[in-house]
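In what follows, a structure is listed as structure tokens, so that the remarks can point back to it.
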Amino acid sequence: MRKRVIFLLIIAMASSYILTNCKKDPAVVEPVLVGVDAAKKDYIDNYKGSAVSDPLWTGSTTGCLAGSESAAVQAKVIQRVNYFRRLVGLPDNVTLNSSQNQKCQEAALYQMANNTLTHYPNAGGQCYTSGAYDAASHSNIAYSKGYSGNEANHSVNAVTGYIEDPGANNLAVGHRAWILYPKLSAMGTGSTWRASDNYATDCLMWGDNLNGASQSIEFVAYPPNGYIPSELVFPRWSFAIYGADFTSATVAMTDATGKNITTNIIHKEAQQGAPDARIAWEPQGFNFPTGITKDTEFHVTISGVKGSAKTSYSYTTKVFWVNPLAKVGKTKNASKEVMTVK
């Protein structure tokens with residue numbers, strides 16, 4: 001019996017020694033991910049990691065109570081904004097302008113209370129405030145009807161909607177341009193969500209937040225020069241440089257095999273004040289993003305640029321395929337819209 005006790009004691013001591021000495025050495029640094037591995041981790045951690053299905057709005061159109069999003073949701077809105085900025089090579093240091101959140105909530109409430117989407121709220125409308133007018137006229141705004149929470153245009157979902165910038169009124173991709181403006185320093189946020197009829201509105205305020213440090217980035221392209229998840233490759237592509245003139249510019253694209261891609265240029269401009277001057281186009285023959293079913297790349301050349309350091313710019317967008325999120329459904333007459341001010 002004594003030998004057995006001694007034997008078990010020795011085993012216990014050995015196990016303790018192994019466990020103690022096999023702990024991770026705090027001095028050992030985990031390998032730094034680079035390239036596509038880093039891009040995939042960033043997508044998982046900061047895009048998918050910022051998902052919101054309910055902004056936890058505390059307000060109501062009854063009594064014109066603006067309410068608020070939860071603090072966690074507000075933080076995720078900024079997390080998603082910074083994800084998109086980092087994706088294109090911009091500093092990811094935009095902060096939450098808490099002093100603007102109330103005005104943004106009032107703007108979002110006005111849109112819902114009046115069943116409208118306008119940058120210029122009418123003083124005679126329901127739930128009108130001067131704050132609602134100030135925010136709506138200096139913000140990206142959006143609404144959706146008939147979409148359930150995972151797809152409704154509130155909070156982080158609206159941020160993605162602004163980057164996509166769909167619709168005939170958004171050929172200039174102005175929503176995208178404001179979020180990806182190099183000197184953007186902060187944003188205010190406010191949104192509503194009514195699950196009873198799947199109605200959402202959103203306000204993302206850039207006004208008074210265009211005072212960040214000048215950046216040395218050569219250009220801002222979306223999709224970017226570098227890696228991007230297939231889920232975020234939208235039909236509209238853009239290329240921007242502050243101070244440039246794109247009125248005579250052209251766009252050439254090839255796919256991974258070198259095959260030419262026809263491009264339909266939908267907008268080009270010279271610099272007219274913030275945000276950056278840009279050219280926008282839609283590659284033909286592709287159903288973005290669902291048409292991408294494997295890793296691929298696209299080569300882009302912008303020529304005929306005036307007022308910039310170079311007249312021609314070339315870059316490669318490297319797409320890594322991700323399994324698209326399952327759509328959770330919408331009602332028969334569902335609709336969405338985003339709107340911005342240039």
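In the structure tokens, the first chain shown is A, the next is B, and so on; residue numbers restart at 1 for each chain, and ligands run from 1 in the order shown.
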
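All residues of protein, DNA or RNA that reach within 9 Å of A:Pro229, judged by only C-alpha atoms and not counting those fewer than 5 positions away in the chain, are Ala39, Lys40, Tyr43, Lys318, Val319, Phe320, Trp321 and Val322 of chain A.
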
Give me a file of those residues, with N, CA, C and O atoms, as an mmCIF file, in the first residue's frame.
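Result file is again_34.cif:
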data_model
loop_
_atom_site.group_PDB
_atom_site.id
_atom_site.type_symbol
_atom_site.label_atom_id
_atom_site.label_comp_id
_atom_site.auth_asym_id
_atom_site.auth_seq_id
_atom_site.Cartn_x
_atom_site.Cartn_y
_atom_site.Cartn_z
ATOM 1 N N ALA A 39 -5.815 39.420 -43.868
ATOM 2 C CA ALA A 39 -7.078 39.946 -44.378
ATOM 3 C C ALA A 39 -8.257 39.087 -43.951
ATOM 4 O O ALA A 39 -9.335 39.596 -43.608
ATOM 5 N N LYS A 40 -8.069 37.767 -43.963
ATOM 6 C CA LYS A 40 -9.141 36.862 -43.547
ATOM 7 C C LYS A 40 -9.448 37.014 -42.060
ATOM 8 O O LYS A 40 -10.618 37.024 -41.656
ATOM 9 N N TYR A 43 -11.353 40.247 -41.498
ATOM 10 C CA TYR A 43 -12.738 40.078 -41.927
ATOM 11 C C TYR A 43 -13.561 39.374 -40.857
ATOM 12 O O TYR A 43 -14.669 39.807 -40.505
ATOM 13 N N LYS A 318 -7.370 41.721 -55.104
ATOM 14 C CA LYS A 318 -7.242 40.286 -54.864
ATOM 15 C C LYS A 318 -8.413 39.818 -53.996
ATOM 16 O O LYS A 318 -8.507 40.180 -52.828
ATOM 17 N N VAL A 319 -9.276 39.026 -54.579
ATOM 18 C CA VAL A 319 -10.510 38.599 -53.910
ATOM 19 C C VAL A 319 -10.330 37.208 -53.313
ATOM 20 O O VAL A 319 -9.941 36.277 -54.011
ATOM 21 N N PHE A 320 -10.588 37.090 -52.013
ATOM 22 C CA PHE A 320 -10.636 35.753 -51.425
ATOM 23 C C PHE A 320 -12.088 35.384 -51.158
ATOM 24 O O PHE A 320 -12.862 36.178 -50.629
ATOM 25 N N TRP A 321 -12.440 34.186 -51.581
ATOM 26 C CA TRP A 321 -13.838 33.763 -51.501
ATOM 27 C C TRP A 321 -14.224 33.455 -50.064
ATOM 28 O O TRP A 321 -13.477 32.827 -49.305
ATOM 29 N N VAL A 322 -15.406 33.913 -49.692
ATOM 30 C CA VAL A 322 -15.987 33.568 -48.395
ATOM 31 C C VAL A 322 -17.399 33.081 -48.638
ATOM 32 O O VAL A 322 -18.077 33.520 -49.579
#

- Message: Going by DSSP on the backbone, which residues of stretch 168-318 of chain A come out as strand (DSSP E or B)? List them as an MDAnalysis selection string.
- Response: chainID A and resid 186:194 199:205 220:222 226:229 237:241 245 250:254 260:261 263:268 270 277:283 296:303 306 312:318

Selection above as a file: C-alpha atoms, as an mmCIF file, in the first residue's frame:
data_model
loop_
_atom_site.group_PDB
_atom_site.id
_atom_site.type_symbol
_atom_site.label_atom_id
_atom_site.label_comp_id
_atom_site.auth_asym_id
_atom_site.auth_seq_id
_atom_site.Cartn_x
_atom_site.Cartn_y
_atom_site.Cartn_z
ATOM 1 C CA ALA A 186 -15.148 60.901 -36.210
ATOM 2 C CA MET A 187 -18.814 60.083 -36.860
ATOM 3 C CA GLY A 188 -22.118 60.357 -35.059
ATOM 4 C CA THR A 189 -24.626 57.522 -35.307
ATOM 5 C CA GLY A 190 -28.319 56.937 -34.745
ATOM 6 C CA SER A 191 -30.835 54.409 -36.017
ATOM 7 C CA THR A 192 -34.312 53.061 -35.441
ATOM 8 C CA TRP A 193 -35.711 49.567 -35.784
ATOM 9 C CA ARG A 194 -39.323 48.468 -35.502
ATOM 10 C CA TYR A 199 -38.970 49.181 -40.630
ATOM 11 C CA ALA A 200 -35.524 50.718 -40.052
ATOM 12 C CA THR A 201 -33.908 54.126 -40.540
ATOM 13 C CA ASP A 202 -30.333 55.257 -40.087
ATOM 14 C CA CYS A 203 -28.171 58.360 -39.803
ATOM 15 C CA LEU A 204 -24.357 58.361 -39.966
ATOM 16 C CA MET A 205 -23.052 61.899 -39.507
ATOM 17 C CA VAL A 220 -8.455 55.362 -52.418
ATOM 18 C CA ALA A 221 -9.884 52.534 -54.494
ATOM 19 C CA TYR A 222 -12.898 50.381 -53.729
ATOM 20 C CA GLY A 226 -5.021 44.343 -52.178
ATOM 21 C CA TYR A 227 -7.178 41.727 -50.497
ATOM 22 C CA ILE A 228 -10.939 41.844 -50.028
ATOM 23 C CA PRO A 229 -13.550 39.185 -49.124
ATOM 24 C CA TRP A 237 -16.167 50.251 -58.290
ATOM 25 C CA SER A 238 -14.498 53.594 -57.603
ATOM 26 C CA PHE A 239 -11.135 55.337 -57.529
ATOM 27 C CA ALA A 240 -10.506 58.648 -55.747
ATOM 28 C CA ILE A 241 -7.711 61.187 -55.326
ATOM 29 C CA ASP A 245 -9.630 65.737 -62.344
ATOM 30 C CA THR A 250 -10.706 56.029 -68.685
ATOM 31 C CA VAL A 251 -10.811 52.648 -66.924
ATOM 32 C CA ALA A 252 -9.331 49.392 -68.206
ATOM 33 C CA MET A 253 -9.844 46.060 -66.423
ATOM 34 C CA THR A 254 -8.706 42.480 -66.926
ATOM 35 C CA ASN A 260 -10.440 42.252 -70.923
ATOM 36 C CA ILE A 261 -13.516 43.323 -68.959
ATOM 37 C CA THR A 263 -16.426 48.812 -67.926
ATOM 38 C CA ASN A 264 -19.403 51.131 -67.849
ATOM 39 C CA ILE A 265 -18.266 54.475 -66.408
ATOM 40 C CA ILE A 266 -21.174 55.919 -64.437
ATOM 41 C CA HIS A 267 -19.525 58.974 -62.866
ATOM 42 C CA LYS A 268 -16.401 61.109 -63.232
ATOM 43 C CA ALA A 270 -12.994 67.117 -61.007
ATOM 44 C CA ALA A 277 -12.732 63.640 -56.575
ATOM 45 C CA ARG A 278 -13.496 60.220 -58.040
ATOM 46 C CA ILE A 279 -14.410 58.097 -60.986
ATOM 47 C CA ALA A 280 -16.920 55.261 -60.660
ATOM 48 C CA TRP A 281 -17.728 52.370 -62.966
ATOM 49 C CA GLU A 282 -19.527 49.054 -63.185
ATOM 50 C CA PRO A 283 -17.654 46.051 -64.625
ATOM 51 C CA THR A 296 -9.614 35.502 -57.994
ATOM 52 C CA GLU A 297 -8.157 38.864 -58.910
ATOM 53 C CA PHE A 298 -8.816 41.854 -61.118
ATOM 54 C CA HIS A 299 -6.296 44.239 -62.632
ATOM 55 C CA VAL A 300 -7.316 47.871 -62.987
ATOM 56 C CA THR A 301 -5.693 50.795 -64.806
ATOM 57 C CA ILE A 302 -7.010 54.356 -64.583
ATOM 58 C CA SER A 303 -5.614 56.597 -67.348
ATOM 59 C CA LYS A 306 -5.262 65.305 -64.445
ATOM 60 C CA SER A 312 -2.046 56.753 -64.898
ATOM 61 C CA TYR A 313 -2.521 54.377 -61.961
ATOM 62 C CA SER A 314 -2.580 50.578 -61.909
ATOM 63 C CA TYR A 315 -3.446 48.183 -59.106
ATOM 64 C CA THR A 316 -4.712 44.660 -58.425
ATOM 65 C CA THR A 317 -7.765 43.724 -56.402
ATOM 66 C CA LYS A 318 -7.242 40.286 -54.864
#

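Here atom CA of A:Lys183 stands at a distance of 18.6 Å from atom CA of A:Ser98.
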
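The space separating atom CA of A:Tyr147 from atom CA of A:Leu65 comes to 23.1 Å.
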
- Can you tell me, as a PyMOL selection string, what residues are no more than 7 Å from A:Ile163 when counting only C-alpha atoms, ignoring any on the same chain fewer than 2 positions away? chain A and resi 159-161+165+175-176

Give me a file of those residues, with N, CA and C atoms, as a short mmCIF file (atom, residue, chain, number, x, y, z; two decimals), in the first residue's frame.
data_model
loop_
_atom_site.label_atom_id
_atom_site.label_comp_id
_atom_site.auth_asym_id
_atom_site.auth_seq_id
_atom_site.Cartn_x
_atom_site.Cartn_y
_atom_site.Cartn_z
N VAL A 159 -23.97 50.90 -42.66
CA VAL A 159 -22.59 51.22 -43.04
C VAL A 159 -22.21 50.44 -44.28
N THR A 160 -22.50 49.15 -44.29
CA THR A 160 -22.21 48.34 -45.47
C THR A 160 -23.02 48.82 -46.67
N GLY A 161 -24.27 49.21 -46.43
CA GLY A 161 -25.09 49.75 -47.51
C GLY A 161 -24.51 51.02 -48.10
N ASP A 165 -23.47 51.47 -51.92
CA ASP A 165 -24.01 52.64 -52.63
C ASP A 165 -24.83 52.27 -53.87
N HIS A 175 -21.89 58.19 -50.63
CA HIS A 175 -21.85 57.62 -49.27
C HIS A 175 -20.50 56.99 -48.99
N ARG A 176 -20.06 56.20 -49.96
CA ARG A 176 -18.76 55.54 -49.86
C ARG A 176 -17.65 56.58 -49.69
#

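Taking only C-alpha atoms, the non-local environment of A:Ser130 within 10 Å (same-chain residues fewer than 5 positions away omitted) comprises Lys103, Glu106, Ala107, Pro121, Asn122, Ala123, Ala135 and Ala136 of chain A.
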
- Task: Would you mind reading off the distance between atom CA of A:Pro55 and atom CA of A:Val156, one decimal, in Å?
- Result: 8.8 Å

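Each of A:Leu210, A:Val94, A:Leu87, A:Gly146 was compared to A:Asn46 using only C-alpha atoms, and A:Leu87 turns out to be the nearest.
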
- Using DSSP on the backbone, list every residue of stretch 19-111 of chain A that comes out as helix (DSSP H, G or I), and give them as a PyMOL selection string. chain A and resi 19-21+35-50+71-87+98-111

- Query: Which residues, written as a ChimeraX atom specification, have at least one atom at most 10 Å from A:Ala66, with only C-alpha atoms counted and residues fewer than 4 positions away on the same chain left out?
  - Reply: /A:57-62,102-110,127,132,190-192

Just to be explicit: take each residue in the selection above, keep N, CA, C and O atoms, and write the result as a CSV table (one decimal), in the first residue's frame.
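Saved as out.csv:
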chain,number,residue,atom,x,y,z
A,57,TRP,N,-32.8,49.9,-30.1
A,57,TRP,CA,-33.4,51.3,-30.1
A,57,TRP,C,-34.3,51.4,-28.9
A,57,TRP,O,-35.2,50.6,-28.8
A,58,THR,N,-34.2,52.5,-28.1
A,58,THR,CA,-35.0,52.7,-27.0
A,58,THR,C,-36.1,53.7,-27.2
A,58,THR,O,-36.8,54.0,-26.3
A,59,GLY,N,-36.2,54.2,-28.4
A,59,GLY,CA,-37.2,55.3,-28.7
A,59,GLY,C,-38.5,54.8,-29.3
A,59,GLY,O,-38.8,53.6,-29.4
A,60,SER,N,-39.3,55.7,-29.7
A,60,SER,CA,-40.6,55.4,-30.3
A,60,SER,C,-41.2,56.7,-31.0
A,60,SER,O,-40.9,57.8,-30.6
A,61,THR,N,-41.9,56.4,-32.1
A,61,THR,CA,-42.5,57.5,-32.8
A,61,THR,C,-43.7,58.1,-32.0
A,61,THR,O,-44.0,59.3,-32.1
A,62,THR,N,-44.2,57.3,-31.1
A,62,THR,CA,-45.3,57.7,-30.2
A,62,THR,C,-44.6,58.6,-29.2
A,62,THR,O,-43.7,58.2,-28.4
A,102,GLN,N,-27.2,62.2,-30.5
A,102,GLN,CA,-28.6,62.6,-30.2
A,102,GLN,C,-29.2,63.2,-31.5
A,102,GLN,O,-30.4,62.9,-31.8
A,103,LYS,N,-28.5,64.1,-32.2
A,103,LYS,CA,-29.0,64.7,-33.4
A,103,LYS,C,-29.3,63.6,-34.4
A,103,LYS,O,-30.3,63.7,-35.2
A,104,CYS,N,-28.4,62.6,-34.5
A,104,CYS,CA,-28.6,61.6,-35.5
A,104,CYS,C,-29.8,60.7,-35.2
A,104,CYS,O,-30.6,60.3,-36.1
A,105,GLN,N,-30.0,60.5,-33.9
A,105,GLN,CA,-31.2,59.8,-33.5
A,105,GLN,C,-32.5,60.5,-33.8
A,105,GLN,O,-33.5,60.0,-34.3
A,106,GLU,N,-32.4,61.9,-33.6
A,106,GLU,CA,-33.6,62.7,-34.0
A,106,GLU,C,-33.8,62.7,-35.5
A,106,GLU,O,-35.0,62.7,-36.0
A,107,ALA,N,-32.8,62.6,-36.3
A,107,ALA,CA,-32.9,62.6,-37.7
A,107,ALA,C,-33.5,61.2,-38.2
A,107,ALA,O,-34.4,61.2,-39.0
A,108,ALA,N,-33.0,60.1,-37.6
A,108,ALA,CA,-33.6,58.8,-37.9
A,108,ALA,C,-35.0,58.7,-37.5
A,108,ALA,O,-35.8,58.1,-38.2
A,109,LEU,N,-35.4,59.3,-36.3
A,109,LEU,CA,-36.7,59.3,-35.8
A,109,LEU,C,-37.6,60.0,-36.8
A,109,LEU,O,-38.7,59.6,-37.1
A,110,TYR,N,-37.2,61.2,-37.3
A,110,TYR,CA,-38.0,62.0,-38.2
A,110,TYR,C,-38.3,61.2,-39.4
A,110,TYR,O,-39.5,61.2,-39.9
A,127,CYS,N,-42.3,65.0,-35.3
A,127,CYS,CA,-41.0,64.8,-34.6
A,127,CYS,C,-39.9,65.6,-35.1
A,127,CYS,O,-38.7,65.3,-35.0
A,132,ALA,N,-32.5,67.3,-35.8
A,132,ALA,CA,-32.8,66.4,-36.8
A,132,ALA,C,-32.4,67.0,-38.2
A,132,ALA,O,-31.8,66.3,-39.0
A,190,GLY,N,-27.0,57.1,-35.3
A,190,GLY,CA,-28.3,56.9,-34.7
A,190,GLY,C,-29.2,56.1,-35.7
A,190,GLY,O,-29.1,56.2,-36.9
A,191,SER,N,-30.0,55.2,-35.2
A,191,SER,CA,-30.8,54.4,-36.0
A,191,SER,C,-32.1,54.0,-35.3
A,191,SER,O,-32.1,54.0,-34.0
A,192,THR,N,-33.1,53.6,-36.0
A,192,THR,CA,-34.3,53.1,-35.4
A,192,THR,C,-34.6,51.7,-36.0
A,192,THR,O,-34.1,51.3,-37.1
